[in-house]
Amino acid sequence: MLDTKKVKVALGIITKKVLTGPIEVSVDLTRRCTLDCLMCWWRSPLLEKQPSSEWSNQAMDYELFKKLIRDFKKLKIKRIILGGQGDPMLYPKLFEVMELTKKAGIEVALITSGFYLTEKKVHMLFDLQIDCLDVSLQAATSETYLRLHPGQSKDTFNRIKNHLMLLSKLKEEAHQNVPHVRIIHIICSLNYHETVKVVEFASEVGVDSIGYKRVDVTTQTKELLLNEKQLEEFQELLNEAGEKAIELRIGTGIKTFRKFILKGLTTGIYTTDFYSQIPCYVGWNSARVLETGDVIPCCGCFDVILGNIKQNSFIDIWYSDTYQKFRKQALQLDKKAVLKAGCKCYSCVDYGNNLGIYRRLHPIKAKEIY
């Protein structure tokens, strides 16, 4: 069946006009988190400076979210991604947010560390029938989990494992496919050796897929990058993991990861060459709303503020001249070295979506890239 939403997005790109709202929007509900993941952009123990309590306690007002969801419904947005700078499981009204979103006919994808899951919350997530649950675990064993999460115990990893198994059991007993559960495995120097083990772990706990991701480093976290020897070992493990995943029927994006991300694991520069070949379409396809109400294009453009929903509706911001200016600049990304200050186009998480759109718009040219 023809997806009219995607058709309108594509036509908008071709005509350089906005014909519909985005397909998906990421909404940051809270900055609260008590974990100390080594690869975290904000709270890694490797960082010289930790965020202030004022910054960490930022959260979106629930009434503001209700206003936002009304705009999303009018724009016929298909999916909301709840993640961000903190763990959404710590937002007091998270389940009200998800229920409200589902009632509006919008899909819900939740990104969490898994640390704050409880047996009760697992049942609640299942009963709400959220569409996707991403658990950013980064490990297949308790030993590696502890290396990446100093201050935790083996019980933490085992508790998360048990909650994943419980959710799988609930889905199996109800003959239900949702939520689609994915383990996020950010590859770094401390966990690359578990590339195959994470596939076996995924099968053991009954999740649907694995998201192999790149580690996004700062000057203070560069030690998490792989060296050349580790990269060679990782490539072999990745091949084995791909074969194992097929055998165990676990979904992965290994082919795309290998093609566009692999070499950057030693430098932290991943998608610069990619964006010398294709433009950026995030201005038509997606958006992100921060806890403060600021609207930004994506998670790599924190300094590109396009408006604030406390002052203007999301609809007005989406159709504003400011947003349109960004879109036009993004379409020139493959012709310029840098989009604009504040955008991390060298380490983009939206490259997969952009490639998918490019393949639909330019199927012949795309073959040269993919």
# chains A, B, ... in the order shown; residues from 1 in each chain; ligands from 1
>>> residues_around(residues="A:Tyr275", least_positions_apart="2", cutoff="9 Å", atoms="only C-alpha atoms", output="tab-separated table (two decimals) with N, CA, C and O atoms, in the first residue's frame")
chain	number	residue	atom	x	y	z
A	271	THR	N	30.74	10.03	9.29
A	271	THR	CA	29.86	10.27	8.14
A	271	THR	C	30.23	11.49	7.31
A	271	THR	O	29.43	11.96	6.50
A	272	THR	N	31.44	12.01	7.47
A	272	THR	CA	31.86	13.15	6.66
A	272	THR	C	31.86	12.79	5.18
A	272	THR	O	31.31	13.52	4.34
A	273	ASP	N	32.48	11.67	4.82
A	273	ASP	CA	32.51	11.24	3.42
A	273	ASP	C	31.10	10.93	2.92
A	273	ASP	O	30.78	11.19	1.76
A	277	GLN	N	28.42	12.92	-0.46
A	277	GLN	CA	27.75	12.24	-1.57
A	277	GLN	C	26.25	12.47	-1.60
A	277	GLN	O	25.65	12.48	-2.67
A	278	ILE	N	25.63	12.64	-0.43
A	278	ILE	CA	24.19	12.87	-0.41
A	278	ILE	C	23.87	14.04	0.53
A	278	ILE	O	24.64	14.36	1.43
A	279	PRO	N	22.71	14.67	0.33
A	279	PRO	CA	22.30	15.77	1.22
A	279	PRO	C	21.63	15.24	2.49
A	279	PRO	O	21.52	14.03	2.70
A	280	CYS	N	21.18	16.17	3.32
A	280	CYS	CA	20.49	15.83	4.56
A	280	CYS	C	19.01	16.19	4.41
A	280	CYS	O	18.66	17.29	3.99
A	333	LEU	N	24.16	20.13	1.69
A	333	LEU	CA	25.22	19.54	2.53
A	333	LEU	C	26.25	18.78	1.71
A	333	LEU	O	27.45	18.83	2.01
A	334	ASP	N	25.82	18.07	0.67
A	334	ASP	CA	26.76	17.30	-0.14
A	334	ASP	C	27.65	18.18	-1.01
A	334	ASP	O	28.62	17.71	-1.60
A	335	LYS	N	27.32	19.46	-1.07
A	335	LYS	CA	28.11	20.40	-1.89
A	335	LYS	C	28.99	21.30	-1.03
A	335	LYS	O	29.78	22.09	-1.54
A	336	LYS	N	28.81	21.21	0.31
A	336	LYS	CA	29.60	22.04	1.23
A	336	LYS	C	30.23	21.17	2.30
A	336	LYS	O	29.71	20.12	2.67
A	337	ALA	N	31.35	21.61	2.82
A	337	ALA	CA	32.07	20.80	3.81
A	337	ALA	C	31.34	20.77	5.15
A	337	ALA	O	31.36	19.78	5.86
A	345	CYS	N	27.70	16.73	11.72
A	345	CYS	CA	27.46	15.93	10.52
A	345	CYS	C	28.53	14.86	10.32
A	345	CYS	O	28.35	13.94	9.53
A	346	TYR	N	29.65	14.97	11.03
A	346	TYR	CA	30.71	13.98	10.93
A	346	TYR	C	30.39	12.72	11.74
A	346	TYR	O	31.04	11.68	11.58
A	351	TYR	N	21.97	9.05	9.36
A	351	TYR	CA	22.47	8.72	8.02
A	351	TYR	C	21.64	7.61	7.38
A	351	TYR	O	21.43	7.60	6.16
>>> closest_atom_pairs(of="stretch 140-259 of chain A", to="stretch 127-131 of chain A", cutoff="7 Å", atoms="only C-alpha atoms", output="tab-separated table")
residue	atom	partner	partner_atom	distance
A:Val178	CA	A:Asp131	CA	5.5
A:Pro179	CA	A:Asp131	CA	4.5
A:His180	CA	A:Asp131	CA	6.1
>>> atom_distance(atom1="atom CA of A:Val25", atom2="atom CA of A:Ser286")
5.4 Å
>>> select_by_dssp(residues="stretch 24-181 of chain A", states="strand (DSSP E)", output="list in words")
Glu24, Val25, Ser26, Val27, Asp28, Arg79, Ile80, Ile81, Leu82, Gly83, Glu107, Val108, Ala109, Leu110, Ile111, Thr112, Cys132, Leu133, Asp134, Val135, Ser136, His180 and Val181 of chain A
>>> residues_around(residues="stretch 145-150 of chain A", least_positions_apart="5", cutoff="8 Å", atoms="only C-alpha atoms", output="short mmCIF file (atom, residue, chain, number, x, y, z; two decimals) with C-alpha atoms, in the first residue's frame")
data_model
loop_
_atom_site.label_atom_id
_atom_site.label_comp_id
_atom_site.auth_asym_id
_atom_site.auth_seq_id
_atom_site.Cartn_x
_atom_site.Cartn_y
_atom_site.Cartn_z
CA LEU A 35 23.84 6.19 35.85
CA ASP A 36 27.44 6.99 34.95
CA CYS A 37 27.88 5.32 31.55
CA LEU A 38 31.40 5.86 30.26
CA MET A 39 30.27 6.83 26.74
CA LEU A 137 22.71 -2.05 27.41
CA GLN A 138 26.17 -1.98 25.73
CA ALA A 139 27.14 -5.40 27.10
CA ALA A 140 26.40 -9.11 26.87
CA PHE A 157 22.88 -6.46 34.72
CA LEU A 190 35.72 -1.95 26.20
#
>>> atom_distance(atom1="atom CA of A:Leu125", atom2="atom CA of A:Gly105")
16.6 Å
>>> closest_atom_pairs(of="stretch 3-120 of chain A", to="stretch 309-315 of chain A", cutoff="10 Å", atoms="only C-alpha atoms", output="tab-separated table")
residue	atom	partner	partner_atom	distance
A:Gly21	CA	A:Ile315	CA	8.1
A:Leu64	CA	A:Lys310	CA	7.6
A:Phe65	CA	A:Ile309	CA	9.5
A:Lys67	CA	A:Ser313	CA	8.3
A:Leu68	CA	A:Phe314	CA	6.8
A:Ile69	CA	A:Phe314	CA	9.5
A:Arg70	CA	A:Phe314	CA	9.6
A:Asp71	CA	A:Ile315	CA	6.2
A:Phe72	CA	A:Phe314	CA	8.0
A:Lys74	CA	A:Ile315	CA	8.5
A:Leu75	CA	A:Ile315	CA	7.5
>>> closest_residue(among="A:Phe274, A:Phe126, A:Tyr212, A:Trp318", to="A:Gly242", atoms="only C-alpha atoms")
A:Tyr212
>>> atom_distance(atom1="atom CA of A:Leu11", atom2="atom CA of A:Lys328")
14.5 Å
>>> residues_around(residues="A:Ser168", least_positions_apart="6", cutoff="9 Å", atoms="only C-alpha atoms", output="mmCIF file with N, CA and C atoms, in the first residue's frame")
data_model
loop_
_atom_site.group_PDB
_atom_site.id
_atom_site.type_symbol
_atom_site.label_atom_id
_atom_site.label_comp_id
_atom_site.auth_asym_id
_atom_site.auth_seq_id
_atom_site.Cartn_x
_atom_site.Cartn_y
_atom_site.Cartn_z
ATOM 1 N N VAL A 181 11.475 -5.229 20.567
ATOM 2 C CA VAL A 181 12.529 -4.944 21.548
ATOM 3 C C VAL A 181 13.893 -5.070 20.886
ATOM 4 N N VAL A 205 17.501 -13.908 25.739
ATOM 5 C CA VAL A 205 16.469 -13.134 26.449
ATOM 6 C C VAL A 205 15.235 -12.896 25.589
ATOM 7 N N GLY A 206 15.320 -13.247 24.297
ATOM 8 C CA GLY A 206 14.139 -13.185 23.447
ATOM 9 C C GLY A 206 13.829 -11.838 22.832
ATOM 10 N N VAL A 207 14.854 -10.990 22.653
ATOM 11 C CA VAL A 207 14.601 -9.702 21.996
ATOM 12 C C VAL A 207 14.589 -9.907 20.482
#
